[in-house]
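Have a look at my_file.txt; it's compact mmCIF, C-alpha atoms:
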# COMPACT_ATOMS: atom_id res chain seq x y z
CA MET O 1 0.00 0.00 0.00
CA ALA O 2 1.46 3.28 -1.01
CA ALA O 3 1.23 6.19 1.37
CA ASN O 4 0.19 8.32 -1.58
CA VAL O 5 -3.20 7.04 -2.70
CA SER O 6 -4.46 7.85 -6.19
CA ARG O 7 -8.17 7.82 -5.33
CA GLU O 8 -10.31 8.37 -2.29
CA SER O 9 -9.66 5.72 0.29
CA ALA O 10 -11.14 4.31 3.46
CA ALA O 11 -9.57 2.31 6.28
CA PHE O 12 -11.29 0.33 9.00
CA ILE O 13 -9.79 -1.22 12.12
CA THR O 14 -11.13 -4.52 13.50
CA SER O 15 -9.90 -5.62 16.93
CA LYS O 16 -12.50 -8.24 17.91
CA ASP O 17 -13.07 -11.76 16.61
CA THR O 18 -16.80 -11.70 17.38
CA LEU O 19 -19.76 -11.40 15.02
CA GLU O 20 -20.46 -7.88 16.23
CA GLY O 21 -16.78 -7.01 15.83
CA VAL O 22 -16.26 -8.50 12.36
CA TYR O 23 -19.24 -7.43 10.29
CA PRO O 24 -18.84 -3.63 10.40
CA GLY O 25 -15.35 -3.54 8.87
CA LEU O 26 -16.26 -6.00 6.13
CA ILE O 27 -19.56 -4.34 5.23
CA LEU O 28 -18.07 -0.84 5.26
CA GLY O 29 -15.06 -2.01 3.24
CA ILE O 30 -17.27 -3.61 0.58
CA ASN O 31 -19.44 -0.52 0.33
CA ALA O 32 -16.42 1.79 0.15
CA CYS O 33 -15.15 -0.22 -2.84
CA ARG O 34 -18.58 -0.09 -4.45
CA LEU O 35 -18.42 3.71 -4.14
CA GLY O 36 -15.15 3.64 -6.07
CA MET O 37 -12.89 4.00 -3.05
CA GLU O 38 -9.81 2.02 -2.13
CA ALA O 39 -10.56 0.14 1.11
CA SER O 40 -8.49 -1.68 3.73
CA VAL O 41 -9.33 -3.45 6.96
CA PHE O 42 -6.55 -3.51 9.58
CA TYR O 43 -6.90 -6.52 11.89
CA THR O 44 -5.29 -6.22 15.30
CA PHE O 45 -5.39 -7.99 18.67
CA MET O 46 -8.13 -10.66 18.73
CA GLY O 47 -9.55 -9.35 15.45
CA ILE O 48 -6.57 -10.94 13.71
CA ASN O 49 -8.18 -14.36 14.24
CA VAL O 50 -10.79 -13.48 11.62
CA ILE O 51 -8.18 -13.68 8.86
CA ARG O 52 -6.43 -16.80 10.19
CA LYS O 53 -6.94 -20.08 8.37
CA GLY O 54 -9.52 -22.29 10.09
CA TRP O 55 -10.77 -19.70 12.58
CA ILE O 56 -13.86 -18.37 10.84
CA ASP O 57 -16.14 -21.05 12.30
CA LYS O 58 -15.06 -20.08 15.83
CA ILE O 59 -16.53 -16.58 15.59
CA LYS O 60 -19.35 -16.09 18.08
CA PHE O 61 -21.81 -13.42 19.17
CA HIS O 62 -21.23 -12.34 22.76
CA PRO O 63 -24.30 -10.83 24.39
CA PRO O 64 -23.64 -7.69 26.41
CA GLY O 65 -23.82 -7.44 30.18
CA PHE O 66 -24.27 -10.30 32.59
CA MET O 67 -25.91 -12.51 29.93
CA GLY O 68 -22.53 -12.87 28.24
CA ALA O 69 -21.01 -14.22 31.45
CA ILE O 70 -23.40 -17.19 31.68
CA PRO O 71 -21.64 -20.41 30.56
CA GLY O 72 -22.85 -21.51 27.11
CA MET O 73 -24.73 -18.28 26.48
CA ALA O 74 -22.38 -17.21 23.66
CA SER O 75 -23.17 -20.42 21.77
CA VAL O 76 -26.92 -19.98 22.21
CA ALA O 77 -26.73 -16.28 21.32
CA THR O 78 -24.61 -17.09 18.25
CA TRP O 79 -27.14 -19.65 17.05
CA MET O 80 -29.99 -17.17 17.56
CA MET O 81 -28.09 -14.36 15.81
CA LYS O 82 -27.22 -16.59 12.85
CA GLN O 83 -30.91 -17.56 12.53
CA LYS O 84 -31.86 -13.86 12.38
CA MET O 85 -29.09 -13.17 9.88
CA ASP O 86 -30.20 -16.06 7.66
CA ALA O 87 -33.81 -14.80 7.76
CA ALA O 88 -32.57 -11.34 6.71
CA ASN O 89 -30.40 -12.83 3.92
CA ILE O 90 -27.19 -11.52 5.51
CA PRO O 91 -24.16 -13.45 4.23
CA SER O 92 -22.03 -15.50 6.59
CA VAL O 93 -18.64 -14.10 7.67
CA GLU O 94 -16.92 -16.49 5.27
CA ASP O 95 -19.09 -15.36 2.33
CA LEU O 96 -18.68 -11.72 3.30
CA GLN O 97 -14.90 -12.12 3.45
CA GLU O 98 -14.91 -13.64 -0.01
CA MET O 99 -17.14 -10.84 -1.31
CA ALA O 100 -14.85 -8.24 0.25
CA GLN O 101 -11.77 -9.70 -1.40
CA MET O 102 -13.57 -9.91 -4.75
CA GLU O 103 -14.60 -6.24 -4.42
CA GLY O 104 -10.96 -5.31 -3.74
CA VAL O 105 -10.93 -4.80 0.03
CA ARG O 106 -7.41 -5.32 1.37
CA PHE O 107 -6.93 -7.31 4.55
CA VAL O 108 -4.01 -6.10 6.66
CA ALA O 109 -2.65 -7.94 9.71
CA CYS O 110 -0.97 -5.93 12.47
CA ARG O 111 2.74 -6.85 12.68
CA MET O 112 2.83 -6.39 16.46
CA THR O 113 -0.11 -8.78 16.92
CA VAL O 114 1.40 -11.28 14.46
CA ASP O 115 4.65 -11.26 16.45
CA MET O 116 2.90 -11.33 19.83
CA MET O 117 0.84 -14.39 18.83
CA GLY O 118 3.79 -16.15 17.18
CA LEU O 119 2.11 -16.20 13.77
CA SER O 120 3.54 -16.15 10.25
CA GLU O 121 2.21 -15.37 6.75
CA GLU O 122 1.28 -19.05 6.31
CA ASP O 123 -1.23 -18.79 9.18
CA PHE O 124 -3.45 -16.38 7.23
CA ILE O 125 -5.98 -16.75 4.46
CA ASP O 126 -4.77 -15.80 0.99
CA GLY O 127 -4.32 -12.13 0.22
CA VAL O 128 -3.40 -10.85 3.70
CA THR O 129 -0.69 -8.20 3.97
CA ILE O 130 1.27 -7.73 7.21
CA MET O 131 2.07 -4.15 8.20
CA THR O 132 3.36 -2.33 11.25
CA ALA O 133 1.10 0.23 12.89
CA GLU O 134 3.35 2.98 11.51
CA GLU O 135 3.06 1.65 7.95
CA PHE O 136 -0.72 1.41 8.28
CA LEU O 137 -0.94 4.94 9.71
CA ARG O 138 1.10 6.32 6.83
CA TYR O 139 -1.60 4.90 4.57
CA ALA O 140 -4.51 5.82 6.87
CA LYS O 141 -3.53 9.48 7.26
CA GLU O 142 -4.25 9.92 3.55
CA CYS O 143 -7.67 8.27 3.80
CA LYS O 144 -10.88 10.22 3.57
CA ILE O 145 -12.43 7.84 6.10
CA LEU O 146 -10.75 6.04 9.00
CA LEU O 147 -13.00 4.18 11.42
CA TYR O 148 -12.40 1.90 14.38
CA THR O 149 -15.22 -0.59 14.06
When written as structure tokens, how does the structure in this file appear?
Amino acid sequence: MAANVSRESAAFITSKDTLEGVYPGLILGINACRLGMEASVFYTFMGINVIRKGWIDKIKFHPPGFMGAIPGMASVATWMMKQKMDAANIPSVEDLQEMAQMEGVRFVACRMTVDMMGLSEEDFIDGVTIMTAEEFLRYAKECKILLYT
């Protein structure tokens, strides 16, 4: 990613590997591309799991408050949320990721998180770039939109 972008660009930061943490960055990235923008999603901390091979099926919905602390509640809440999403014709995370990549959304893994978790390029789905926070910020400071989702 060049620090000097040739068209309007948008960057989104995803730091959670939960349904409510994953969808915003993907949906906003897809729509930014559809508006003719360059779009990137920077995955950091637990959000990095979303772009790891074999982790997509582990993504859950965590209900807020004390309900989320009840053992097994995340699994029940995830099932319920997925039922609602299916009824509303909302694509799965896996399908949305594929759509995002087809639309041109770039997936960027945080170098610090990669190092902290002992990961390597081979641990990620195809098309993931690894950048330091400084490299990402050089890109992001030129963006028209930068959101922490």
For this session: Give the answer as one residue: which of O:Gly36, O:Gly29, O:Gly65, O:Gly47 has the shortest atom-to-atom distance to O:Arg106, using only C-alpha atoms?
Result: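 Closest to O:Arg106 of all the choices is O:Gly29.
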For this session: Kindly give the distance, in Å, that separates atom CA of O:Ile145 and atom CA of O:Glu103, rounded to a single decimal.
Result: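 These two atoms are separated by 17.7 Å.
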Using 7 Å as the limit and counting only C-alpha atoms, can you tabulate each residue of stretch 71-127 of chain O that touches stretch 51-60 of chain O, with its shortest atom-to-atom distance in Å and the two atoms involved, as a tab-separated table?
residue	atom	partner	partner_atom	distance
O:Ala74	CA	O:Lys60	CA	6.4
O:Ser75	CA	O:Lys60	CA	6.9
O:Thr78	CA	O:Lys60	CA	5.4
O:Glu94	CA	O:Ile56	CA	6.6
O:Asp123	CA	O:Arg52	CA	5.7
O:Phe124	CA	O:Arg52	CA	4.2
O:Ile125	CA	O:Lys53	CA	5.2
For this session: With all atoms listed in the file counted, which protein, DNA or RNA residues have an atom no more than 10 Å from (-19.3, 1.2, 5.8) in the file frame? Please answer as a list in words.
Result: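 Output of the proximity query reads Ala10, Ala11, Phe12, Tyr23, Pro24, Gly25, Leu26, Ile27, Leu28, Gly29, Ile30, Asn31, Ala32, Cys33, Ala39, Ile145, Leu147 and Thr149 of chain O.
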For this session: Extract, using only C-alpha atoms, all DNA, RNA and protein residues at most 6 Å from stretch 108-116 of chain O, discarding same-chain residues fewer than 6 positions from it, and format them as a ChimeraX atom specification.
Result: /O:41-45,128-132
Store the residues picked out above in a file with C-alpha atoms, as a PDB file, keeping the file's coordinate frame.
ATOM      1  CA  VAL O  41      -9.330  -3.450   6.960  1.00  0.00           C
ATOM      2  CA  PHE O  42      -6.550  -3.510   9.580  1.00  0.00           C
ATOM      3  CA  TYR O  43      -6.900  -6.520  11.890  1.00  0.00           C
ATOM      4  CA  THR O  44      -5.290  -6.220  15.300  1.00  0.00           C
ATOM      5  CA  PHE O  45      -5.390  -7.990  18.670  1.00  0.00           C
ATOM      6  CA  VAL O 128      -3.400 -10.850   3.700  1.00  0.00           C
ATOM      7  CA  THR O 129      -0.690  -8.200   3.970  1.00  0.00           C
ATOM      8  CA  ILE O 130       1.270  -7.730   7.210  1.00  0.00           C
ATOM      9  CA  MET O 131       2.070  -4.150   8.200  1.00  0.00           C
ATOM     10  CA  THR O 132       3.360  -2.330  11.250  1.00  0.00           C
TER      11      THR O 132
END
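For the pair atom CA of O:Asn49 and atom CA of O:Glu142, the separation is 26.8 Å.
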Exercise. Suppose you want the space between atom CA of O:Thr18 and atom CA of O:Leu35; what is it in Å?
Worked result: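 Separation between atom CA of O:Thr18 and atom CA of O:Leu35: 26.5 Å.
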Per-axis box centre and lengths in Å around stretch 65-74 of chain O, 3 Å margin per side, axis-aligned, as AutoDock Vina command-line options:
--center_x -23.5 --center_y -14.5 --center_z 28.1 --size_x 10.9 --size_y 20.1 --size_z 14.9
